[in-house]
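Coordinates from target.cif are shown below (mmCIF, C-alpha atoms and all ligand atoms).
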data_run
#
loop_
_atom_site.group_PDB
_atom_site.id
_atom_site.type_symbol
_atom_site.label_atom_id
_atom_site.label_comp_id
_atom_site.auth_asym_id
_atom_site.auth_seq_id
_atom_site.Cartn_x
_atom_site.Cartn_y
_atom_site.Cartn_z
ATOM 1 C CA MET A 1466 -15.962 -10.453 -7.978
ATOM 2 C CA ASN A 1467 -12.231 -9.806 -7.399
ATOM 3 C CA ASN A 1468 -10.777 -10.727 -4.040
ATOM 4 C CA ILE A 1469 -8.275 -8.179 -2.733
ATOM 5 C CA ALA A 1470 -5.684 -8.747 0.001
ATOM 6 C CA ILE A 1471 -4.090 -5.722 1.663
ATOM 7 C CA PHE A 1472 -0.686 -5.810 3.367
ATOM 8 C CA ALA A 1473 -0.008 -3.002 5.857
ATOM 9 C CA SER A 1474 2.525 -2.527 8.659
ATOM 10 C CA GLY A 1475 1.062 0.366 10.634
ATOM 11 C CA SER A 1476 -1.914 2.659 10.962
ATOM 12 C CA GLY A 1477 -3.826 1.377 7.959
ATOM 13 C CA SER A 1478 -5.799 4.482 7.036
ATOM 14 C CA ASN A 1479 -5.354 3.641 3.342
ATOM 15 C CA ALA A 1480 -6.453 0.069 3.978
ATOM 16 C CA GLU A 1481 -9.621 1.324 5.681
ATOM 17 C CA ASN A 1482 -10.319 3.714 2.818
ATOM 18 C CA ILE A 1483 -9.923 0.939 0.239
ATOM 19 C CA ILE A 1484 -12.133 -1.478 2.186
ATOM 20 C CA ASN A 1485 -14.860 1.168 2.390
ATOM 21 C CA HIS A 1486 -14.494 2.074 -1.273
ATOM 22 C CA PHE A 1487 -15.254 -1.457 -2.480
ATOM 23 C CA ASN A 1488 -17.779 -2.367 0.231
ATOM 24 C CA GLY A 1489 -21.229 -2.965 -1.174
ATOM 25 C CA GLY A 1490 -20.095 -2.894 -4.820
ATOM 26 C CA ASN A 1491 -19.846 -5.870 -7.150
ATOM 27 C CA LEU A 1492 -16.387 -5.316 -8.670
ATOM 28 C CA ALA A 1493 -14.225 -6.323 -5.729
ATOM 29 C CA ARG A 1494 -14.061 -6.811 -1.995
ATOM 30 C CA VAL A 1495 -11.201 -6.857 0.484
ATOM 31 C CA VAL A 1496 -11.101 -10.396 1.860
ATOM 32 C CA LEU A 1497 -7.894 -10.220 3.904
ATOM 33 C CA VAL A 1498 -5.733 -7.713 5.751
ATOM 34 C CA LEU A 1499 -2.265 -9.026 6.579
ATOM 35 C CA SER A 1500 0.565 -7.612 8.673
ATOM 36 C CA GLU A 1501 3.889 -8.659 10.154
ATOM 37 C CA ASN A 1502 3.347 -6.178 13.018
ATOM 38 C CA LYS A 1503 1.206 -7.461 15.880
ATOM 39 C CA ASP A 1504 0.635 -3.892 17.105
ATOM 40 C CA ALA A 1505 -0.429 -2.518 13.732
ATOM 41 C CA PHE A 1506 -3.557 -0.391 14.116
ATOM 42 C CA VAL A 1507 -4.692 -1.690 10.733
ATOM 43 C CA PHE A 1508 -5.883 -4.830 12.553
ATOM 44 C CA GLU A 1509 -8.408 -2.833 14.570
ATOM 45 C CA ARG A 1510 -9.616 -0.997 11.520
ATOM 46 C CA ALA A 1511 -10.075 -4.257 9.597
ATOM 47 C CA ARG A 1512 -11.876 -6.017 12.441
ATOM 48 C CA LYS A 1513 -14.325 -3.132 12.798
ATOM 49 C CA LEU A 1514 -15.135 -3.531 9.120
ATOM 50 C CA SER A 1515 -15.444 -7.324 9.485
ATOM 51 C CA VAL A 1516 -12.438 -8.108 7.294
ATOM 52 C CA PHE A 1517 -10.444 -11.215 8.177
ATOM 53 C CA THR A 1518 -6.948 -10.454 9.527
ATOM 54 C CA VAL A 1519 -3.684 -12.411 9.441
ATOM 55 C CA LEU A 1520 -0.566 -11.796 11.525
ATOM 56 C CA PHE A 1521 2.471 -13.472 9.982
ATOM 57 C CA SER A 1522 6.197 -13.720 10.664
ATOM 58 C CA LEU A 1523 8.824 -12.795 8.083
ATOM 59 C CA GLU A 1524 9.760 -16.465 8.025
ATOM 60 C CA GLU A 1525 6.180 -17.336 7.022
ATOM 61 C CA LEU A 1526 6.255 -14.651 4.353
ATOM 62 C CA LYS A 1527 9.371 -16.175 2.781
ATOM 63 C CA SER A 1528 8.542 -19.850 3.293
ATOM 64 C CA GLY A 1529 5.271 -19.917 1.347
ATOM 65 C CA ASN A 1530 2.816 -19.989 4.266
ATOM 66 C CA VAL A 1531 1.505 -16.548 3.415
ATOM 67 C CA LEU A 1532 1.170 -17.561 -0.248
ATOM 68 C CA SER A 1533 -0.928 -20.573 0.833
ATOM 69 C CA ILE A 1534 -3.274 -18.296 2.759
ATOM 70 C CA LEU A 1535 -3.661 -16.013 -0.262
ATOM 71 C CA LYS A 1536 -4.567 -19.053 -2.373
ATOM 72 C CA GLN A 1537 -6.942 -20.389 0.253
ATOM 73 C CA TYR A 1538 -8.846 -17.093 0.099
ATOM 74 C CA ASN A 1539 -8.810 -17.026 -3.728
ATOM 75 C CA VAL A 1540 -7.011 -13.696 -3.740
ATOM 76 C CA ASP A 1541 -6.796 -12.124 -7.221
ATOM 77 C CA PHE A 1542 -5.138 -8.806 -6.434
ATOM 78 C CA ILE A 1543 -2.708 -7.596 -3.758
ATOM 79 C CA VAL A 1544 -2.347 -4.071 -2.416
ATOM 80 C CA LEU A 1545 0.600 -2.892 -0.332
ATOM 81 C CA ALA A 1546 -0.619 0.090 1.666
ATOM 82 C CA GLY A 1547 2.104 1.139 4.069
ATOM 83 C CA PHE A 1548 3.758 -2.292 4.026
ATOM 84 C CA LEU A 1549 7.395 -1.805 4.966
ATOM 85 C CA LYS A 1550 9.042 -5.157 4.284
ATOM 86 C CA LEU A 1551 10.446 -6.443 1.021
ATOM 87 C CA PHE A 1552 7.821 -8.513 -0.796
ATOM 88 C CA PRO A 1553 9.007 -12.061 -1.628
ATOM 89 C CA GLN A 1554 9.741 -13.185 -5.158
ATOM 90 C CA SER A 1555 7.614 -16.330 -4.657
ATOM 91 C CA ILE A 1556 4.415 -14.271 -4.289
ATOM 92 C CA ILE A 1557 5.390 -11.782 -7.015
ATOM 93 C CA GLU A 1558 5.772 -14.670 -9.491
ATOM 94 C CA GLU A 1559 2.308 -16.017 -8.666
ATOM 95 C CA PHE A 1560 0.657 -12.606 -9.146
ATOM 96 C CA PRO A 1561 2.214 -11.020 -12.255
ATOM 97 C CA GLN A 1562 1.054 -7.376 -12.641
ATOM 98 C CA LYS A 1563 -1.413 -7.964 -9.813
ATOM 99 C CA ILE A 1564 0.475 -6.381 -6.926
ATOM 100 C CA VAL A 1565 0.606 -2.617 -6.413
ATOM 101 C CA ASN A 1566 2.275 -0.442 -3.801
ATOM 102 C CA ILE A 1567 1.735 3.177 -2.872
ATOM 103 C CA HIS A 1568 4.723 5.388 -2.124
ATOM 104 C CA PRO A 1569 4.330 8.851 -0.556
ATOM 105 C CA ALA A 1570 6.612 10.744 -2.960
ATOM 106 C CA LEU A 1571 7.303 11.151 -6.657
ATOM 107 C CA LEU A 1572 9.442 8.127 -7.499
ATOM 108 C CA PRO A 1573 12.180 7.567 -8.573
ATOM 109 C CA LYS A 1574 13.128 10.291 -6.076
ATOM 110 C CA TYR A 1575 12.920 9.590 -2.341
ATOM 111 C CA GLY A 1576 12.404 5.850 -2.680
ATOM 112 C CA GLY A 1577 14.317 2.702 -1.789
ATOM 113 C CA ARG A 1578 15.099 0.727 1.324
ATOM 114 C CA GLY A 1579 14.400 2.617 4.566
ATOM 115 C CA MET A 1580 12.404 5.363 2.824
ATOM 116 C CA TYR A 1581 8.914 5.178 4.238
ATOM 117 C CA GLY A 1582 6.292 7.334 5.859
ATOM 118 C CA ASP A 1583 7.563 10.389 7.713
ATOM 119 C CA LYS A 1584 11.190 9.728 6.719
ATOM 120 C CA VAL A 1585 10.198 10.413 3.128
ATOM 121 C CA HIS A 1586 8.398 13.650 3.999
ATOM 122 C CA LYS A 1587 11.320 14.844 6.134
ATOM 123 C CA ALA A 1588 13.758 14.194 3.279
ATOM 124 C CA VAL A 1589 11.533 16.063 0.804
ATOM 125 C CA VAL A 1590 11.114 19.071 3.133
ATOM 126 C CA ASP A 1591 14.834 19.107 4.053
ATOM 127 C CA ALA A 1592 15.790 19.109 0.363
ATOM 128 C CA GLY A 1593 13.638 22.204 -0.218
ATOM 129 C CA GLU A 1594 11.544 20.506 -2.909
ATOM 130 C CA LYS A 1595 8.684 22.597 -4.310
ATOM 131 C CA GLU A 1596 6.466 19.608 -5.013
ATOM 132 C CA SER A 1597 5.859 16.105 -3.822
ATOM 133 C CA GLY A 1598 3.039 13.628 -4.299
ATOM 134 C CA ILE A 1599 2.192 9.951 -4.582
ATOM 135 C CA THR A 1600 3.315 7.094 -6.784
ATOM 136 C CA ILE A 1601 1.345 3.911 -7.326
ATOM 137 C CA HIS A 1602 3.501 1.231 -8.923
ATOM 138 C CA TYR A 1603 3.673 -2.471 -9.615
ATOM 139 C CA VAL A 1604 5.793 -4.412 -7.163
ATOM 140 C CA ASN A 1605 8.985 -6.156 -8.124
ATOM 141 C CA ASN A 1606 11.727 -7.554 -5.910
ATOM 142 C CA ASN A 1607 13.446 -4.207 -5.300
ATOM 143 C CA TYR A 1608 12.040 -1.511 -3.040
ATOM 144 C CA ASP A 1609 9.977 1.064 -4.976
ATOM 145 C CA GLU A 1610 11.223 0.055 -8.429
ATOM 146 C CA GLY A 1611 8.319 -1.618 -10.253
ATOM 147 C CA GLY A 1612 6.620 0.032 -13.240
ATOM 148 C CA ILE A 1613 4.790 3.241 -12.397
ATOM 149 C CA VAL A 1614 1.013 3.109 -12.853
ATOM 150 C CA PHE A 1615 0.005 6.540 -11.572
ATOM 151 C CA GLN A 1616 1.390 9.701 -10.005
ATOM 152 C CA ALA A 1617 -0.283 12.779 -8.564
ATOM 153 C CA LYS A 1618 1.433 15.926 -7.305
ATOM 154 C CA CYS A 1619 0.944 18.417 -4.511
ATOM 155 C CA PRO A 1620 2.862 21.555 -3.548
ATOM 156 C CA VAL A 1621 5.453 21.718 -0.783
ATOM 157 C CA PHE A 1622 5.447 25.117 0.943
ATOM 158 C CA PRO A 1623 8.567 26.661 2.520
ATOM 159 C CA SER A 1624 6.787 26.731 5.898
ATOM 160 C CA ASP A 1625 5.885 22.998 5.752
ATOM 161 C CA LYS A 1626 6.905 20.641 8.490
ATOM 162 C CA PRO A 1627 7.074 16.953 7.504
ATOM 163 C CA GLU A 1628 3.699 16.347 9.186
ATOM 164 C CA ASP A 1629 2.029 19.098 7.099
ATOM 165 C CA LEU A 1630 3.276 17.448 3.943
ATOM 166 C CA ALA A 1631 2.269 14.012 5.231
ATOM 167 C CA GLN A 1632 -1.303 15.232 5.654
ATOM 168 C CA ARG A 1633 -1.436 16.666 2.124
ATOM 169 C CA VAL A 1634 0.022 13.482 0.647
ATOM 170 C CA HIS A 1635 -2.407 11.298 2.605
ATOM 171 C CA GLN A 1636 -5.315 13.251 1.106
ATOM 172 C CA LEU A 1637 -3.975 12.486 -2.368
ATOM 173 C CA GLU A 1638 -3.674 8.814 -1.408
ATOM 174 C CA TYR A 1639 -7.268 8.638 -0.160
ATOM 175 C CA GLU A 1640 -8.541 10.337 -3.296
ATOM 176 C CA HIS A 1641 -6.649 8.306 -5.887
ATOM 177 C CA PHE A 1642 -5.566 4.892 -4.575
ATOM 178 C CA PRO A 1643 -8.990 3.168 -4.591
ATOM 179 C CA LYS A 1644 -9.834 4.585 -8.024
ATOM 180 C CA VAL A 1645 -6.524 3.429 -9.513
ATOM 181 C CA ILE A 1646 -7.049 -0.076 -8.090
ATOM 182 C CA GLU A 1647 -10.556 -0.059 -9.534
ATOM 183 C CA LYS A 1648 -9.259 0.879 -13.009
ATOM 184 C CA LEU A 1649 -6.622 -1.864 -12.907
ATOM 185 C CA LEU A 1650 -9.241 -4.437 -11.910
ATOM 186 C CA ILE A 1651 -11.586 -3.376 -14.704
ATOM 187 C CA LYS A 1652 -8.730 -3.607 -17.246
ATOM 188 C CA SER A 1653 -7.592 -7.071 -16.134
HETATM 189 C C1 LIG B 1 1.288 5.929 3.377
HETATM 190 O O1 LIG B 1 1.511 7.308 3.268
HETATM 191 C C2 LIG B 1 2.073 5.180 2.324
HETATM 192 O O2 LIG B 1 2.257 5.911 1.153
HETATM 193 C C3 LIG B 1 3.396 4.968 3.031
HETATM 194 O O3 LIG B 1 3.059 4.665 4.348
HETATM 195 C C4 LIG B 1 1.869 5.381 4.699
HETATM 196 C C5 LIG B 1 0.917 4.439 5.396
HETATM 197 O O4 LIG B 1 -0.169 5.139 5.926
HETATM 198 N N1 LIG B 1 4.164 3.916 2.407
HETATM 199 C C6 LIG B 1 5.483 3.934 2.317
HETATM 200 O O5 LIG B 1 6.171 4.816 2.795
HETATM 201 C C7 LIG B 1 6.120 2.756 1.572
HETATM 202 N N2 LIG B 1 7.471 3.015 1.229
HETATM 203 P P1 LIG B 1 -1.454 4.341 6.428
HETATM 204 O O6 LIG B 1 -0.946 3.163 7.255
HETATM 205 O O7 LIG B 1 -2.224 5.315 7.261
HETATM 206 O O8 LIG B 1 -2.204 3.883 5.210
#

As structure tokens:
Amino acid sequence: MNNIAIFASGSGSNAENIINHFNGGNLARVVLVLSENKDAFVFERARKLSVFTVLFSLEELKSGNVLSILKQYNVDFIVLAGFLKLFPQSIIEEFPQKIVNIHPALLPKYGGRGMYGDKVHKAVVDAGEKESGITIHYVNNNYDEGGIVFQAKCPVFPSDKPEDLAQRVHQLEYEHFPKVIEKLLIKS
């Protein structure tokens, strides 16, 4: 059984979807949901699904406290699902090729520091792009730059507002993210 930890900063709809995907199976389970945001709705979602939650400060993320918690819970695999802070090198080194992030656009376009959530969709719509999508990639110590594991595309229509595109991209995330994690776990 693989133990997954999910980091999320906000709503946590992907986190909930991943928890549900692995619930009841024997490949993996989500043992921890962690956030730096005390108001993150992901905490409520996790509690409802009986997953242990951890609120941490950025100082604790950098100092090794968060790493200790991951070790204490025998975490094997880390998922960033709407986590908006830079992930520390100390944790990346301990989990080589075992940390993935999802980005709501087709990297390398529309990525980097400050590009998250609705800001990404607004930039894509404003640029008049005809397609967008999702990128699942390994995490390194630069925003959105680790090796790409998977991409899926969706159309962008001229009439789209950022929230229309966000909804389409979220559907792609729900469909593919758990399955991609599953494949990586089976391979490892
Ligand atoms: C997701 O669309 C994810 O791709 C994005 O934040 C959203 C979180 O939604 N992540 C980034 O923008 C990272 N740069 P959720 O909290 O409902 O899962």

Let me see if you get this right: every residue at most 10 Å from ligand LIG 1 (chain B), counting all atoms listed in the file, written as a PyMOL selection string. chain A and resi 1472-1483+1505-1507+1545-1551+1566-1570+1575-1586+1598-1601+1608-1609+1631-1639+1642

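For Ser1653 in chain A, the non-local neighbours within 12 Å, defined as residues at least 4 positions apart in the same chain or in other chains and counting only C-alpha atoms, are Asn1467, Leu1492, Asp1541, Phe1542, Pro1561, Gln1562, Lys1563, Ile1646, Glu1647, Lys1648 and Leu1649 of chain A.
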
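Note that CA of Leu1499 in chain A and CA of Thr1518 in chain A are 5.7 Å apart.
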
Please tell me which residues are no farther than 8 Å from (8.6, -0.7, -14.7) in the file, counting all atoms listed in the file, and write them as an NGL selection string. :A and (1602-1603 or 1610-1613)

Give me the range 1545-1600 of chain A side of the contact with range 1535-1539 of chain A, cut-off 12 Å, one line per residue showing its nearest atom pair and distance in Å at one decimal, counting only C-alpha atoms, sorted by chain and residue number, as JSON lines.
{"residue": "A:Ile1556", "atom": "CA", "partner": "A:Leu1535", "partner_atom": "CA", "distance": 9.2}
{"residue": "A:Glu1559", "atom": "CA", "partner": "A:Lys1536", "partner_atom": "CA", "distance": 9.8}
{"residue": "A:Phe1560", "atom": "CA", "partner": "A:Leu1535", "partner_atom": "CA", "distance": 10.4}

Output as AutoDock Vina command-line options the centre and edge lengths (Å, one decimal) of the box along x, y and z of the file that holds every listed atom of range 1483-1489 of chain A after adding 6 Å on each side.
--center_x -15.6 --center_y -0.4 --center_z 0.0 --size_x 23.3 --size_y 17.0 --size_z 16.9

Could you list the residues chosen by the PyMOL selection byres (((chain A and resi 1625) around 12) and not hetatm) in this structure as a PyMOL selection string? chain A and resi 1586-1587+1589-1597+1620-1624+1626-1633

Write out as a PyMOL selection string which residues come within 6 Å of Val1495 in chain A when counting all atoms listed in the file, dropping same-chain ones fewer than 6 positions away. chain A and resi 1468-1470+1484

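From CA of Leu1514 in chain A back to CA of Met1466 in chain A, the distance works out to 18.5 Å.
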
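Remark: for Pro1643 in chain A, the closest of the candidate residues A:Leu1520, A:Leu1571, A:Cys1619, A:Ile1471 is A:Ile1471 (distances computed over all atoms listed in the file).
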
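Between CA of Asn1606 in chain A and CA of Phe1487 in chain A the separation is 27.9 Å.
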
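Considering all atoms listed in the file, the residue among A:Phe1615, A:Asn1607, A:Arg1512, A:Leu1526 positioned nearest to Val1645 in chain A is A:Phe1615.
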
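Proximity ranking of A:Ile1651, A:Val1516, A:Val1498, A:Ala1617 relative to Leu1572 in chain A places A:Ala1617 first, based on all atoms listed in the file.
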
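Proximity of A:Val1519, A:Val1544, A:Asn1502, A:Lys1652 to Ile1564 in chain A, computed with all atoms listed in the file, is greatest for A:Val1544.
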